[in-house]
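The structure appears right after this line, and notes come after that.
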Amino acid sequence: MKELIEKINKLKKEKNAVVLAHCYQNAEIDEVADFVGDSLYLSRMAAKTNADIILFAGVYFMAQTAKILCPDKKVLLPNMDAGCEMADMINLQQLRNFKIKYPNTPVVCYINSTAEVKSECDICCTSSNAVQIVESINAPQILFVPDKNLGRWVEKQLGNVEVITYDGYCPIHHNISVEDVLNIKKENPNVKLLAHPECTEEVSSLADFVGSTTGIMNFVKNSTDKKFIIATEKGVVDRLKRDYPQKEFVLIKENLICESMKLNTLQDIYTSLKNETFEINVNKDISQKALKCIERMLDVSKTGAVK
Ligand code: 13P
Ligand code: SF4
């Protein structure tokens, strides 16, 4: 593994490439990553890099977002099968059908969506800034696609905006049940539960803290507690265990894994950089419209760094 890491780092220098890695990636990928974080942080880093090549160790919509932000750079995704089930739950026609039912209502899309969907939404958000973004619109009613759970959570935080949600969800977070929460809390009394807002409303309402990947990591960093129950993808727990060896972390249920995120391996990253595959391209017209949606978000939101 050490040899492979060295080879990747050498190629990065030779090709002036930068590697962005989402926290759900296999943890060893951090060894070759320039930036590790949540969706918001990584899109910010993509927007400001001077590199010629951006390799995105994440899923398709993330690489696509990087390409929209940097149309003149080469953007690579190491494994083309790394998609996002939630992003694929809404296509352009489904979005249009949804919008037609609520004319003149602003549409917010979660960054976990395709470029086509972004191109016909007013503003984008990530789980780090969803509340801030919806609030910034200053409308009594908004449409939110595709994640119904994040939309519900935002509505609850604000209290004065009606959030009409599309019926999408992340299968990994959505499958955490109230029963899972009650069982783990029984086994770990007085241990705080930290959950991602992609979890269902019922699960989020039982959590002690609800936040994005970076939000959860920052909560641990700033807490004096020694043990936590984590309700999000396993990659976050792997990094927390590595970064806070003196603390204990319990993943709410076994196999809470986004298989797509785990498709990228160090070998894939090496091959991808060496052969400059698989290059992500976005239709120019779609890209320009989607860019406006993403840039509006970046203008109103703050950063969310891990590395
Ligand atoms: P964040 O990176 O915003 O926490 O979102 C999690 C996720 O599901 C990424 O696909
Ligand atoms: Fe998509 Fe869920 Fe995987 Fe994130 S964890 S990439 S939302 S399927």
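Every chain in the structure tokens has a letter given in the order shown (A, B, ...), and although residue numbers restart at 1 in each chain, ligands are simply numbered from 1 in the order shown.
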
Nearby residues, ligand 2, 8 Å, only C-alpha atoms and all ligand atoms, as a ChimeraX atom specification: /A:24,58-59,83-87,112,169-173,198,233,257-261

I need the residues from that last selection saved to file as an mmCIF file, in the first residue's frame (with N, CA, C and O atoms), if you can.
```
data_model
loop_
_atom_site.group_PDB
_atom_site.id
_atom_site.type_symbol
_atom_site.label_atom_id
_atom_site.label_comp_id
_atom_site.auth_asym_id
_atom_site.auth_seq_id
_atom_site.Cartn_x
_atom_site.Cartn_y
_atom_site.Cartn_z
ATOM 1 N N TYR A 24 -16.918 9.563 3.246
ATOM 2 C CA TYR A 24 -17.465 8.200 3.158
ATOM 3 C C TYR A 24 -16.542 7.269 2.374
ATOM 4 O O TYR A 24 -16.821 6.090 2.232
ATOM 5 N N GLY A 58 -15.142 10.140 -4.807
ATOM 6 C CA GLY A 58 -16.500 10.311 -4.281
ATOM 7 C C GLY A 58 -17.438 9.663 -5.259
ATOM 8 O O GLY A 58 -17.068 8.678 -5.910
ATOM 9 N N VAL A 59 -18.632 10.211 -5.414
ATOM 10 C CA VAL A 59 -19.588 9.636 -6.363
ATOM 11 C C VAL A 59 -19.818 10.604 -7.533
ATOM 12 O O VAL A 59 -19.390 11.758 -7.488
ATOM 13 N N GLY A 83 -22.175 5.780 -8.308
ATOM 14 C CA GLY A 83 -23.310 6.703 -8.431
ATOM 15 C C GLY A 83 -23.936 6.964 -7.071
ATOM 16 O O GLY A 83 -23.459 6.463 -6.055
ATOM 17 N N CYS A 84 -25.007 7.760 -7.066
ATOM 18 C CA CYS A 84 -25.719 8.019 -5.805
ATOM 19 C C CYS A 84 -27.179 7.661 -6.035
ATOM 20 O O CYS A 84 -27.844 8.251 -6.897
ATOM 21 N N GLU A 85 -27.658 6.699 -5.263
ATOM 22 C CA GLU A 85 -29.040 6.226 -5.447
ATOM 23 C C GLU A 85 -30.060 7.339 -5.236
ATOM 24 O O GLU A 85 -31.070 7.400 -5.900
ATOM 25 N N MET A 86 -29.780 8.219 -4.293
ATOM 26 C CA MET A 86 -30.721 9.315 -4.052
ATOM 27 C C MET A 86 -30.739 10.289 -5.244
ATOM 28 O O MET A 86 -31.812 10.690 -5.699
ATOM 29 N N ALA A 87 -29.566 10.653 -5.753
ATOM 30 C CA ALA A 87 -29.505 11.582 -6.896
ATOM 31 C C ALA A 87 -30.271 11.016 -8.083
ATOM 32 O O ALA A 87 -30.907 11.757 -8.841
ATOM 33 N N ASN A 112 -26.845 16.492 -3.917
ATOM 34 C CA ASN A 112 -26.955 15.101 -4.374
ATOM 35 C C ASN A 112 -28.047 15.026 -5.451
ATOM 36 O O ASN A 112 -29.143 14.506 -5.226
ATOM 37 N N TYR A 169 -34.835 9.838 -1.148
ATOM 38 C CA TYR A 169 -34.166 9.591 0.143
ATOM 39 C C TYR A 169 -32.865 8.840 -0.111
ATOM 40 O O TYR A 169 -32.684 8.236 -1.185
ATOM 41 N N CYS A 170 -31.994 8.876 0.875
ATOM 42 C CA CYS A 170 -30.770 8.085 0.809
ATOM 43 C C CYS A 170 -31.080 6.726 1.447
ATOM 44 O O CYS A 170 -31.391 6.669 2.640
ATOM 45 N N PRO A 171 -30.978 5.634 0.683
ATOM 46 C CA PRO A 171 -31.340 4.333 1.242
ATOM 47 C C PRO A 171 -30.538 3.970 2.498
ATOM 48 O O PRO A 171 -31.051 3.284 3.382
ATOM 49 N N ILE A 172 -29.318 4.445 2.571
ATOM 50 C CA ILE A 172 -28.478 4.082 3.723
ATOM 51 C C ILE A 172 -29.027 4.735 4.993
ATOM 52 O O ILE A 172 -29.270 4.066 6.002
ATOM 53 N N HIS A 173 -29.240 6.033 4.951
ATOM 54 C CA HIS A 173 -29.733 6.739 6.145
ATOM 55 C C HIS A 173 -31.208 6.448 6.419
ATOM 56 O O HIS A 173 -31.631 6.362 7.569
ATOM 57 N N GLU A 198 -30.079 13.196 6.759
ATOM 58 C CA GLU A 198 -30.684 12.309 5.751
ATOM 59 C C GLU A 198 -31.459 11.180 6.439
ATOM 60 O O GLU A 198 -32.146 10.403 5.774
ATOM 61 N N GLU A 233 -23.016 7.179 7.681
ATOM 62 C CA GLU A 233 -22.233 6.168 6.974
ATOM 63 C C GLU A 233 -20.951 5.798 7.737
ATOM 64 O O GLU A 233 -20.334 6.643 8.394
ATOM 65 N N ILE A 257 -23.227 1.147 5.184
ATOM 66 C CA ILE A 257 -22.184 1.424 4.189
ATOM 67 C C ILE A 257 -22.808 1.844 2.869
ATOM 68 O O ILE A 257 -23.736 1.193 2.389
ATOM 69 N N CYS A 258 -22.297 2.919 2.285
ATOM 70 C CA CYS A 258 -22.700 3.297 0.932
ATOM 71 C C CYS A 258 -21.737 2.566 -0.012
ATOM 72 O O CYS A 258 -20.578 2.948 -0.155
ATOM 73 N N GLU A 259 -22.234 1.485 -0.605
ATOM 74 C CA GLU A 259 -21.380 0.632 -1.447
ATOM 75 C C GLU A 259 -20.751 1.427 -2.594
ATOM 76 O O GLU A 259 -19.609 1.197 -2.972
ATOM 77 N N SER A 260 -21.494 2.372 -3.132
ATOM 78 C CA SER A 260 -20.993 3.194 -4.233
ATOM 79 C C SER A 260 -19.744 3.962 -3.833
ATOM 80 O O SER A 260 -18.773 4.054 -4.580
ATOM 81 N N MET A 261 -19.827 4.552 -2.642
ATOM 82 C CA MET A 261 -18.697 5.342 -2.138
ATOM 83 C C MET A 261 -17.457 4.473 -1.969
ATOM 84 O O MET A 261 -16.335 4.941 -2.107
#
```

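Those protein and nucleic acid residues that have any atom within 6 Å of ligand 1 are, using only C-alpha atoms and all ligand atoms, Asp38, Ser39, Thr126, Ser127, Ser128, Ser212 and Thr213 of chain A.
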
For the selection just defined, write its residues with N, CA, C and O atoms to a file, as a PDB file, in the first residue's frame.
```
ATOM      1  N   ASP A  38     -16.795  17.141   3.735  1.00  0.00           N
ATOM      2  CA  ASP A  38     -18.176  16.888   3.308  1.00  0.00           C
ATOM      3  C   ASP A  38     -18.412  17.526   1.942  1.00  0.00           C
ATOM      4  O   ASP A  38     -17.504  18.137   1.348  1.00  0.00           O
ATOM      5  N   SER A  39     -19.627  17.405   1.464  1.00  0.00           N
ATOM      6  CA  SER A  39     -19.930  17.867   0.103  1.00  0.00           C
ATOM      7  C   SER A  39     -19.687  19.361  -0.074  1.00  0.00           C
ATOM      8  O   SER A  39     -19.193  19.797  -1.117  1.00  0.00           O
ATOM      9  N   THR A 126     -26.244  21.887   0.553  1.00  0.00           N
ATOM     10  CA  THR A 126     -25.699  20.615   1.048  1.00  0.00           C
ATOM     11  C   THR A 126     -26.304  20.417   2.430  1.00  0.00           C
ATOM     12  O   THR A 126     -27.022  21.297   2.932  1.00  0.00           O
ATOM     13  N   SER A 127     -25.963  19.311   3.077  1.00  0.00           N
ATOM     14  CA  SER A 127     -26.552  19.098   4.402  1.00  0.00           C
ATOM     15  C   SER A 127     -25.972  20.090   5.419  1.00  0.00           C
ATOM     16  O   SER A 127     -26.589  20.374   6.434  1.00  0.00           O
ATOM     17  N   SER A 128     -24.776  20.643   5.129  1.00  0.00           N
ATOM     18  CA  SER A 128     -24.156  21.623   6.044  1.00  0.00           C
ATOM     19  C   SER A 128     -24.896  22.942   6.056  1.00  0.00           C
ATOM     20  O   SER A 128     -24.891  23.650   7.052  1.00  0.00           O
ATOM     21  N   SER A 212     -24.442  17.585   9.451  1.00  0.00           N
ATOM     22  CA  SER A 212     -23.754  16.997   8.300  1.00  0.00           C
ATOM     23  C   SER A 212     -22.537  16.210   8.787  1.00  0.00           C
ATOM     24  O   SER A 212     -22.210  16.212   9.980  1.00  0.00           O
ATOM     25  N   THR A 213     -21.855  15.595   7.845  1.00  0.00           N
ATOM     26  CA  THR A 213     -20.628  14.861   8.159  1.00  0.00           C
ATOM     27  C   THR A 213     -19.679  15.741   8.988  1.00  0.00           C
ATOM     28  O   THR A 213     -19.185  15.335  10.040  1.00  0.00           O
TER      29      THR A 213
END
```

Which of region 77-288 of chain A fall in alpha helix (DSSP H), as JSON, numbers by chain: {"A": [92, 93, 94, 95, 96, 97, 98, 99, 100, 115, 116, 117, 118, 119, 130, 131, 132, 133, 134, 135, 136, 137, 148, 149, 150, 151, 152, 153, 154, 155, 156, 157, 158, 171, 172, 173, 174, 178, 179, 180, 181, 182, 183, 184, 185, 186, 187, 201, 202, 203, 204, 205, 206, 213, 214, 215, 216, 217, 218, 219, 220, 221, 222, 234, 235, 236, 237, 238, 239, 240, 241, 242, 243, 266, 267, 268, 269, 270, 271, 272, 273, 274, 275, 284, 285, 286, 287, 288]}

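Here CA of Phe278 (chain A) is placed at a distance of 5.4 Å from CA of Leu77 (chain A).
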